[in-house]
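This is work-v7.pdb. It holds PDB, C-alpha atoms and all ligand atoms.
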```pdb
ATOM      1  CA  MET A   1    -131.750 -28.782 112.271  1.00  0.00           C
ATOM      2  CA  LYS A   2    -129.566 -26.121 110.650  1.00  0.00           C
ATOM      3  CA  LYS A   3    -130.397 -22.625 109.456  1.00  0.00           C
ATOM      4  CA  ILE A   4    -129.614 -22.499 105.759  1.00  0.00           C
ATOM      5  CA  LEU A   5    -129.409 -19.301 103.756  1.00  0.00           C
ATOM      6  CA  ILE A   6    -129.522 -19.569  99.971  1.00  0.00           C
ATOM      7  CA  VAL A   7    -128.435 -16.551  97.928  1.00  0.00           C
ATOM      8  CA  SER A   8    -129.373 -16.661  94.262  1.00  0.00           C
ATOM      9  CA  SER A   9    -127.480 -14.008  92.309  1.00  0.00           C
ATOM     10  CA  SER A  10    -128.805 -14.281  88.744  1.00  0.00           C
ATOM     11  CA  LEU A  11    -130.962 -11.303  87.810  1.00  0.00           C
ATOM     12  CA  ARG A  12    -132.805 -12.843  84.879  1.00  0.00           C
ATOM     13  CA  GLN A  13    -136.314 -14.235  84.946  1.00  0.00           C
ATOM     14  CA  GLY A  14    -136.338 -18.004  84.502  1.00  0.00           C
ATOM     15  CA  SER A  15    -132.762 -18.212  85.734  1.00  0.00           C
ATOM     16  CA  ASN A  16    -131.171 -21.651  85.547  1.00  0.00           C
ATOM     17  CA  SER A  17    -128.958 -21.149  88.583  1.00  0.00           C
ATOM     18  CA  GLU A  18    -131.978 -19.948  90.558  1.00  0.00           C
ATOM     19  CA  ILE A  19    -133.952 -23.080  89.604  1.00  0.00           C
ATOM     20  CA  LEU A  20    -131.008 -25.185  90.841  1.00  0.00           C
ATOM     21  CA  ALA A  21    -130.826 -23.165  94.038  1.00  0.00           C
ATOM     22  CA  GLN A  22    -134.544 -23.828  94.576  1.00  0.00           C
ATOM     23  CA  GLU A  23    -133.907 -27.553  94.151  1.00  0.00           C
ATOM     24  CA  ALA A  24    -131.171 -27.358  96.788  1.00  0.00           C
ATOM     25  CA  ALA A  25    -133.658 -25.526  99.025  1.00  0.00           C
ATOM     26  CA  ARG A  26    -136.222 -28.289  98.506  1.00  0.00           C
ATOM     27  CA  GLY A  27    -133.642 -30.943  99.407  1.00  0.00           C
ATOM     28  CA  ALA A  28    -132.603 -29.066 102.537  1.00  0.00           C
ATOM     29  CA  GLN A  29    -136.228 -28.610 103.601  1.00  0.00           C
ATOM     30  CA  ASP A  30    -136.889 -32.317 103.056  1.00  0.00           C
ATOM     31  CA  ALA A  31    -133.900 -33.041 105.316  1.00  0.00           C
ATOM     32  CA  GLY A  32    -135.618 -31.003 108.050  1.00  0.00           C
ATOM     33  CA  HIS A  33    -133.546 -27.837 107.895  1.00  0.00           C
ATOM     34  CA  GLU A  34    -134.845 -24.289 108.162  1.00  0.00           C
ATOM     35  CA  VAL A  35    -134.281 -22.637 104.788  1.00  0.00           C
ATOM     36  CA  GLU A  36    -134.372 -19.004 103.768  1.00  0.00           C
ATOM     37  CA  PHE A  37    -134.143 -18.160 100.070  1.00  0.00           C
ATOM     38  CA  LEU A  38    -132.829 -14.775  98.939  1.00  0.00           C
ATOM     39  CA  SER A  39    -132.780 -13.611  95.344  1.00  0.00           C
ATOM     40  CA  LEU A  40    -130.709 -10.570  94.454  1.00  0.00           C
ATOM     41  CA  LYS A  41    -133.290  -9.690  91.771  1.00  0.00           C
ATOM     42  CA  ASP A  42    -134.947  -6.357  92.550  1.00  0.00           C
ATOM     43  CA  LYS A  43    -132.527  -5.691  95.380  1.00  0.00           C
ATOM     44  CA  ASN A  44    -130.752  -2.384  95.672  1.00  0.00           C
ATOM     45  CA  ILE A  45    -127.090  -3.249  96.303  1.00  0.00           C
ATOM     46  CA  ASN A  46    -124.371  -0.679  95.808  1.00  0.00           C
ATOM     47  CA  PHE A  47    -120.665  -1.323  95.427  1.00  0.00           C
ATOM     48  CA  CYS A  48    -118.440  -1.394  98.503  1.00  0.00           C
ATOM     49  CA  LYS A  49    -116.632   1.958  98.711  1.00  0.00           C
ATOM     50  CA  GLY A  50    -113.703   0.516 100.676  1.00  0.00           C
ATOM     51  CA  CYS A  51    -113.972   3.118 103.455  1.00  0.00           C
ATOM     52  CA  LEU A  52    -113.546   0.399 106.127  1.00  0.00           C
ATOM     53  CA  ALA A  53    -115.846   2.273 108.521  1.00  0.00           C
ATOM     54  CA  CYS A  54    -117.536  -1.103 109.020  1.00  0.00           C
ATOM     55  CA  GLN A  55    -114.456  -2.361 110.857  1.00  0.00           C
ATOM     56  CA  LYS A  56    -115.002   0.306 113.510  1.00  0.00           C
ATOM     57  CA  ILE A  57    -118.795   0.553 113.741  1.00  0.00           C
ATOM     58  CA  ALA A  58    -119.679  -3.058 112.757  1.00  0.00           C
ATOM     59  CA  LYS A  59    -122.093  -1.951 110.058  1.00  0.00           C
ATOM     60  CA  CYS A  60    -122.004  -0.482 106.590  1.00  0.00           C
ATOM     61  CA  VAL A  61    -122.482   3.245 106.046  1.00  0.00           C
ATOM     62  CA  ILE A  62    -124.282   2.634 102.731  1.00  0.00           C
ATOM     63  CA  LYS A  63    -128.046   2.599 103.221  1.00  0.00           C
ATOM     64  CA  ASP A  64    -129.479  -0.020 100.910  1.00  0.00           C
ATOM     65  CA  ASP A  65    -130.865  -3.570 100.937  1.00  0.00           C
ATOM     66  CA  MET A  66    -127.608  -5.124 102.182  1.00  0.00           C
ATOM     67  CA  ALA A  67    -128.184  -4.199 105.839  1.00  0.00           C
ATOM     68  CA  ASP A  68    -130.945  -6.760 106.246  1.00  0.00           C
ATOM     69  CA  MET A  69    -129.165  -9.400 104.159  1.00  0.00           C
ATOM     70  CA  ILE A  70    -125.866  -9.134 106.070  1.00  0.00           C
ATOM     71  CA  GLY A  71    -127.752 -10.037 109.255  1.00  0.00           C
ATOM     72  CA  LYS A  72    -129.135 -13.133 107.548  1.00  0.00           C
ATOM     73  CA  VAL A  73    -125.615 -14.211 106.469  1.00  0.00           C
ATOM     74  CA  GLN A  74    -124.342 -13.719 110.006  1.00  0.00           C
ATOM     75  CA  ASN A  75    -127.072 -15.843 111.579  1.00  0.00           C
ATOM     76  CA  ALA A  76    -127.055 -18.779 109.158  1.00  0.00           C
ATOM     77  CA  ASP A  77    -125.259 -22.068 109.841  1.00  0.00           C
ATOM     78  CA  VAL A  78    -124.863 -22.894 106.153  1.00  0.00           C
ATOM     79  CA  LEU A  79    -124.594 -20.653 103.080  1.00  0.00           C
ATOM     80  CA  ILE A  80    -125.405 -21.735  99.536  1.00  0.00           C
ATOM     81  CA  PHE A  81    -124.597 -19.260  96.774  1.00  0.00           C
ATOM     82  CA  SER A  82    -125.737 -19.683  93.180  1.00  0.00           C
ATOM     83  CA  THR A  83    -124.385 -17.776  90.211  1.00  0.00           C
ATOM     84  CA  PRO A  84    -124.281 -17.811  86.436  1.00  0.00           C
ATOM     85  CA  ILE A  85    -120.708 -17.954  85.166  1.00  0.00           C
ATOM     86  CA  TYR A  86    -119.868 -14.585  83.618  1.00  0.00           C
ATOM     87  CA  TYR A  87    -116.533 -14.465  81.791  1.00  0.00           C
ATOM     88  CA  TYR A  88    -115.329 -17.538  83.652  1.00  0.00           C
ATOM     89  CA  GLU A  89    -115.943 -15.935  87.049  1.00  0.00           C
ATOM     90  CA  MET A  90    -118.837 -15.473  89.454  1.00  0.00           C
ATOM     91  CA  SER A  91    -121.406 -12.824  88.488  1.00  0.00           C
ATOM     92  CA  GLY A  92    -120.565  -9.232  89.393  1.00  0.00           C
ATOM     93  CA  GLN A  93    -123.646  -9.073  91.574  1.00  0.00           C
ATOM     94  CA  LEU A  94    -122.479 -12.029  93.711  1.00  0.00           C
ATOM     95  CA  LYS A  95    -118.993 -10.519  94.028  1.00  0.00           C
ATOM     96  CA  THR A  96    -120.555  -7.214  95.097  1.00  0.00           C
ATOM     97  CA  PHE A  97    -122.709  -9.065  97.643  1.00  0.00           C
ATOM     98  CA  LEU A  98    -119.614 -10.775  99.103  1.00  0.00           C
ATOM     99  CA  ASP A  99    -117.673  -7.491  99.237  1.00  0.00           C
ATOM    100  CA  ARG A 100    -120.562  -5.808 101.028  1.00  0.00           C
ATOM    101  CA  CYS A 101    -120.468  -8.504 103.712  1.00  0.00           C
ATOM    102  CA  ASN A 102    -117.260  -6.840 104.920  1.00  0.00           C
ATOM    103  CA  PRO A 103    -118.876  -5.694 108.229  1.00  0.00           C
ATOM    104  CA  LEU A 104    -118.841  -9.396 109.179  1.00  0.00           C
ATOM    105  CA  PHE A 105    -115.049  -9.571 108.851  1.00  0.00           C
ATOM    106  CA  SER A 106    -114.514  -8.133 112.347  1.00  0.00           C
ATOM    107  CA  GLN A 107    -117.424  -9.960 114.012  1.00  0.00           C
ATOM    108  CA  GLU A 108    -118.401 -13.356 115.375  1.00  0.00           C
ATOM    109  CA  ASN A 109    -120.198 -15.344 112.692  1.00  0.00           C
ATOM    110  CA  LYS A 110    -122.032 -18.637 112.847  1.00  0.00           C
ATOM    111  CA  PHE A 111    -121.822 -19.878 109.288  1.00  0.00           C
ATOM    112  CA  VAL A 112    -119.589 -22.884 108.797  1.00  0.00           C
ATOM    113  CA  ASP A 113    -120.308 -24.733 105.574  1.00  0.00           C
ATOM    114  CA  VAL A 114    -120.383 -22.809 102.303  1.00  0.00           C
ATOM    115  CA  TYR A 115    -121.513 -24.219  98.940  1.00  0.00           C
ATOM    116  CA  LEU A 116    -121.544 -22.836  95.399  1.00  0.00           C
ATOM    117  CA  ILE A 117    -123.827 -23.733  92.475  1.00  0.00           C
ATOM    118  CA  THR A 118    -122.963 -22.437  88.998  1.00  0.00           C
ATOM    119  CA  THR A 119    -124.495 -22.560  85.524  1.00  0.00           C
ATOM    120  CA  SER A 120    -122.683 -21.899  82.266  1.00  0.00           C
ATOM    121  CA  TYR A 121    -122.884 -22.418  78.524  1.00  0.00           C
ATOM    122  CA  ASP A 122    -119.482 -24.099  78.518  1.00  0.00           C
ATOM    123  CA  ASP A 123    -119.548 -27.696  79.710  1.00  0.00           C
ATOM    124  CA  ASP A 124    -115.818 -27.939  80.479  1.00  0.00           C
ATOM    125  CA  LYS A 125    -115.162 -29.593  83.848  1.00  0.00           C
ATOM    126  CA  ASN A 126    -113.071 -26.614  84.981  1.00  0.00           C
ATOM    127  CA  VAL A 127    -115.580 -23.944  83.961  1.00  0.00           C
ATOM    128  CA  ALA A 128    -116.377 -22.941  87.561  1.00  0.00           C
ATOM    129  CA  GLN A 129    -112.792 -23.073  88.818  1.00  0.00           C
ATOM    130  CA  ALA A 130    -112.206 -19.315  89.007  1.00  0.00           C
ATOM    131  CA  ALA A 131    -115.617 -18.657  90.581  1.00  0.00           C
ATOM    132  CA  ALA A 132    -114.974 -21.366  93.180  1.00  0.00           C
ATOM    133  CA  LEU A 133    -111.510 -19.952  93.911  1.00  0.00           C
ATOM    134  CA  GLY A 134    -113.030 -16.502  94.367  1.00  0.00           C
ATOM    135  CA  LEU A 135    -115.563 -17.787  96.878  1.00  0.00           C
ATOM    136  CA  GLN A 136    -112.878 -19.837  98.625  1.00  0.00           C
ATOM    137  CA  GLY A 137    -110.890 -16.624  99.062  1.00  0.00           C
ATOM    138  CA  TRP A 138    -113.893 -15.053 100.813  1.00  0.00           C
ATOM    139  CA  VAL A 139    -114.419 -18.154 102.978  1.00  0.00           C
ATOM    140  CA  ARG A 140    -110.746 -18.157 104.042  1.00  0.00           C
ATOM    141  CA  CYS A 141    -111.286 -14.732 105.611  1.00  0.00           C
ATOM    142  CA  PHE A 142    -113.740 -16.249 108.126  1.00  0.00           C
ATOM    143  CA  PRO A 143    -111.820 -18.698 110.363  1.00  0.00           C
ATOM    144  CA  GLN A 144    -114.908 -20.704 111.415  1.00  0.00           C
ATOM    145  CA  ALA A 145    -115.998 -21.259 107.803  1.00  0.00           C
ATOM    146  CA  ASN A 146    -115.328 -24.066 105.393  1.00  0.00           C
ATOM    147  CA  PHE A 147    -115.854 -24.197 101.612  1.00  0.00           C
ATOM    148  CA  VAL A 148    -117.513 -27.566 101.032  1.00  0.00           C
ATOM    149  CA  LYS A 149    -117.909 -27.837  97.265  1.00  0.00           C
ATOM    150  CA  VAL A 150    -118.991 -26.367  93.968  1.00  0.00           C
ATOM    151  CA  LEU A 151    -121.699 -27.913  91.797  1.00  0.00           C
ATOM    152  CA  PRO A 152    -120.833 -26.776  88.250  1.00  0.00           C
ATOM    153  CA  CYS A 153    -123.721 -27.216  85.790  1.00  0.00           C
ATOM    154  CA  GLY A 154    -122.398 -26.688  82.268  1.00  0.00           C
ATOM    155  CA  GLY A 155    -124.073 -26.828  78.855  1.00  0.00           C
ATOM    156  CA  ILE A 156    -126.910 -24.561  80.019  1.00  0.00           C
ATOM    157  CA  ASN A 157    -127.670 -21.266  78.305  1.00  0.00           C
ATOM    158  CA  GLU A 158    -131.298 -20.534  77.480  1.00  0.00           C
ATOM    159  CA  VAL A 159    -133.828 -19.470  80.093  1.00  0.00           C
ATOM    160  CA  LYS A 160    -135.177 -22.489  82.058  1.00  0.00           C
ATOM    161  CA  GLU A 161    -133.019 -24.848  79.964  1.00  0.00           C
ATOM    162  CA  ILE A 162    -131.941 -26.534  83.200  1.00  0.00           C
ATOM    163  CA  ASN A 163    -135.389 -28.141  83.418  1.00  0.00           C
ATOM    164  CA  GLU A 164    -134.320 -30.481  80.590  1.00  0.00           C
ATOM    165  CA  HIS A 165    -131.394 -31.724  82.711  1.00  0.00           C
ATOM    166  CA  LYS A 166    -133.034 -33.853  85.355  1.00  0.00           C
ATOM    167  CA  GLU A 167    -129.664 -35.257  86.457  1.00  0.00           C
ATOM    168  CA  LEU A 168    -128.393 -31.775  87.352  1.00  0.00           C
ATOM    169  CA  LEU A 169    -131.621 -30.906  89.160  1.00  0.00           C
ATOM    170  CA  ALA A 170    -131.203 -34.141  91.125  1.00  0.00           C
ATOM    171  CA  LYS A 171    -127.608 -33.201  92.030  1.00  0.00           C
ATOM    172  CA  ALA A 172    -128.773 -29.833  93.366  1.00  0.00           C
ATOM    173  CA  TYR A 173    -131.547 -31.512  95.353  1.00  0.00           C
ATOM    174  CA  GLU A 174    -129.003 -33.972  96.810  1.00  0.00           C
ATOM    175  CA  LEU A 175    -126.642 -31.139  97.709  1.00  0.00           C
ATOM    176  CA  GLY A 176    -129.401 -29.667  99.877  1.00  0.00           C
ATOM    177  CA  LYS A 177    -130.572 -33.011 101.216  1.00  0.00           C
ATOM    178  CA  ASN A 178    -127.073 -34.046 102.329  1.00  0.00           C
ATOM    179  CA  ILE A 179    -126.265 -30.941 104.338  1.00  0.00           C
TER     180      ILE A 179
HETATM  181  C1  LIG A 201    -122.310 -11.373  80.601  1.00  0.00           C
HETATM  182  C2  LIG A 201    -122.326 -12.858  80.393  1.00  0.00           C
HETATM  183  C3  LIG A 201    -121.141 -13.546  80.420  1.00  0.00           C
HETATM  184  C4  LIG A 201    -121.126 -14.932  80.270  1.00  0.00           C
HETATM  185  N1  LIG A 201    -119.918 -15.568  80.303  1.00  0.00           N
HETATM  186  C5  LIG A 201    -119.897 -16.908  80.167  1.00  0.00           C
HETATM  187  C6  LIG A 201    -118.648 -17.593  80.214  1.00  0.00           C
HETATM  188  O1  LIG A 201    -117.586 -17.015  80.410  1.00  0.00           O
HETATM  189  N2  LIG A 201    -118.661 -18.946  80.038  1.00  0.00           N
HETATM  190  C7  LIG A 201    -119.815 -19.629  79.826  1.00  0.00           C
HETATM  191  O2  LIG A 201    -119.768 -20.840  79.681  1.00  0.00           O
HETATM  192  N3  LIG A 201    -121.023 -19.003  79.807  1.00  0.00           N
HETATM  193  C8  LIG A 201    -121.086 -17.655  79.961  1.00  0.00           C
HETATM  194  N4  LIG A 201    -122.303 -17.012  79.936  1.00  0.00           N
HETATM  195  C9  LIG A 201    -123.543 -17.799  79.822  1.00  0.00           C
HETATM  196  C10 LIG A 201    -124.225 -18.019  81.171  1.00  0.00           C
HETATM  197  O3  LIG A 201    -123.330 -18.493  82.141  1.00  0.00           O
HETATM  198  C11 LIG A 201    -125.353 -19.066  81.015  1.00  0.00           C
HETATM  199  O4  LIG A 201    -126.343 -18.581  80.117  1.00  0.00           O
HETATM  200  C12 LIG A 201    -126.015 -19.428  82.331  1.00  0.00           C
HETATM  201  O5  LIG A 201    -126.840 -20.569  82.154  1.00  0.00           O
HETATM  202  C13 LIG A 201    -126.879 -18.305  82.872  1.00  0.00           C
HETATM  203  O6  LIG A 201    -127.364 -18.653  84.148  1.00  0.00           O
HETATM  204  P1  LIG A 201    -128.741 -18.028  84.688  1.00  0.00           P
HETATM  205  O7  LIG A 201    -129.842 -18.545  83.802  1.00  0.00           O
HETATM  206  O8  LIG A 201    -128.855 -18.506  86.077  1.00  0.00           O
HETATM  207  O9  LIG A 201    -128.640 -16.529  84.622  1.00  0.00           O
HETATM  208  C14 LIG A 201    -122.345 -15.642  80.069  1.00  0.00           C
HETATM  209  C15 LIG A 201    -123.543 -14.924  80.035  1.00  0.00           C
HETATM  210  C16 LIG A 201    -123.549 -13.545  80.207  1.00  0.00           C
HETATM  211  C17 LIG A 201    -124.867 -12.790  80.188  1.00  0.00           C
END
```
Could I get this structure in the form of structure tokens?
Amino acid sequence: MKKILIVSSSLRQGSNSEILAQEAARGAQDAGHEVEFLSLKDKNINFCKGCLACQKIAKCVIKDDMADMIGKVQNADVLIFSTPIYYYEMSGQLKTFLDRCNPLFSQENKFVDVYLITTSYDDDKNVAQAAALGLQGWVRCFPQANFVKVLPCGGINEVKEINEHKELLAKAYELGKNI
């Protein structure tokens, strides 16, 4: 059994990427894993200031909701991030979340496998390429970690529209089930 942390970064109600992330959670639970689901909705997360104090004191000087969430990242075996594609990149809120995990850079971390789920209006096969590259850059900074894959779900724009795409929901479920 693995500890799986899912971080859903879309802030809108009825988010497509969040619905997919929930399907991945369901698959992982069905496979017997312990799953924790985090949504960044209603979370207070400030930008990283770049002071690098975290590299000396192993925690962030900014007092907000990240303190608790960084601990969850550190103690998970597997991370699944979900994001809407914004201007052919990951959402700003996911990027901010990753930046704020900087206290982990100088510490021992457990997480190995890292996955990404994206939704976008554009259905081009390369639509999630930049977002995946961005996350791969973060993963490369943690020697024990490995970027496994991205599940790009294109052609999705309206709230809850993903529910009409059973094949994509099934892919997200399988992603979780096959961890
Ligand atoms: C600020 C903004 C930028 C976006 N940029 C893109 C884009 O570059 N390419 C694209 O295909 N869709 C783009 N979209 C559409 C979203 O990716 C799409 O609606 C997605 O399904 C939203 O996911 P969510 O429901 O999980 O929030 C953008 C939407 C917003 C609000």
Residue members of the PyMOL selection byres (((chain A and resi 84-91) around 7) and not hetatm) in the file shown, as a PyMOL selection string:
chain A and resi 10+17+83+92-95+118-120+127-128+130-131
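All residues of protein, DNA or RNA that reach within 8 Å of Thr96 in chain A, judged by only C-alpha atoms and not counting those fewer than 6 positions away in the chain, are Ile45, Asn46, Phe47 and Cys48 of chain A.
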Using the chain letters and numbers from the file, which residues does the PyMOL selection byres (((chain A and resi 165-171) around 8) and not hetatm) grab, as a list in words?
Leu20, Glu23, Leu151, Cys153, Glu161, Ile162, Asn163, Glu164, Ala172, Tyr173, Glu174 and Leu175 of chain A
Adding 8 Å on each side of the box along x, y and z that holds all listed atoms of range 85-88 of chain A, could you give its centre and edge lengths in Å to one decimal, as JSON?
```
{"center_x": -118.0, "center_y": -16.2, "center_z": 83.5, "size_x": 21.4, "size_y": 19.5, "size_z": 19.4}
```
Mind pulling up the distance from CA of Gln129 in chain A to CA of Phe105 in chain A?
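Distance between the two atoms: 24.3 Å.
Residue nearest ligand LIG 201 (chain A) within the list A:Leu5, A:Val148, A:Val35, A:Leu40: A:Leu40 [criterion: smallest interatomic distance, all atoms listed in the file].
When all atoms listed in the file are used to compute distances to ligand LIG 201 (chain A), the closest of the residues A:Met69, A:Cys141, A:Cys60, A:Ile19 turns out to be A:Ile19.
The residue that comes closest to Val78 in chain A, out of A:Lys110, A:Lys41, A:Arg12, A:Lys56 and on the basis of only C-alpha atoms, is A:Lys110.
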Spatial neighbours of Arg140 in chain A, 12 Å, all atoms listed in the file, chain gap at least 6 places, as JSON, numbers by chain
{"A": [105, 112, 113, 114, 133, 134, 146, 147, 148]}
Using the chain letters and numbering of this document, enumerate as a PDB file with C-alpha atoms, in the frame of the given file the residues selected by the PyMOL selection byres (((chain A and resi 82) around 7) and not hetatm).
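Below is the file selection-v4.pdb, written as the result:
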```
ATOM      1  CA  VAL A   7    -128.435 -16.551  97.928  1.00  0.00           C
ATOM      2  CA  SER A   8    -129.373 -16.661  94.262  1.00  0.00           C
ATOM      3  CA  SER A   9    -127.480 -14.008  92.309  1.00  0.00           C
ATOM      4  CA  SER A  17    -128.958 -21.149  88.583  1.00  0.00           C
ATOM      5  CA  GLU A  18    -131.978 -19.948  90.558  1.00  0.00           C
ATOM      6  CA  ALA A  21    -130.826 -23.165  94.038  1.00  0.00           C
ATOM      7  CA  ILE A  80    -125.405 -21.735  99.536  1.00  0.00           C
ATOM      8  CA  PHE A  81    -124.597 -19.260  96.774  1.00  0.00           C
ATOM      9  CA  THR A  83    -124.385 -17.776  90.211  1.00  0.00           C
ATOM     10  CA  LEU A 116    -121.544 -22.836  95.399  1.00  0.00           C
ATOM     11  CA  ILE A 117    -123.827 -23.733  92.475  1.00  0.00           C
ATOM     12  CA  THR A 118    -122.963 -22.437  88.998  1.00  0.00           C
TER      13      THR A 118
END
```
Which residue is closest to Met66 in chain A? Choose from A:Val159, A:Cys101, A:Cys54, A:Leu79 and count all atoms listed in the file.
A:Cys101
Would you list the contacts of Asp122 in chain A as a list in words, taking every protein, DNA or RNA residue within 9 Å and counting all atoms listed in the file, but skipping same-chain residues closer than 6 positions in sequence?
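Near Asp122 in chain A, the qualifying residues are Cys153, Gly154, Gly155, Ile156 and Asn157 of chain A.
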Kindly give the distance, in Å, that separates CA of Leu104 in chain A and atom O6 of ligand LIG 201 (chain A), rounded to a single decimal.
28.0 Å
Check the smallest atom-to-atom distance from each of A:Lys160, A:Pro152, A:Tyr121, A:Asp99 to Gly137 in chain A using all atoms listed in the file, then report the winner.
A:Asp99
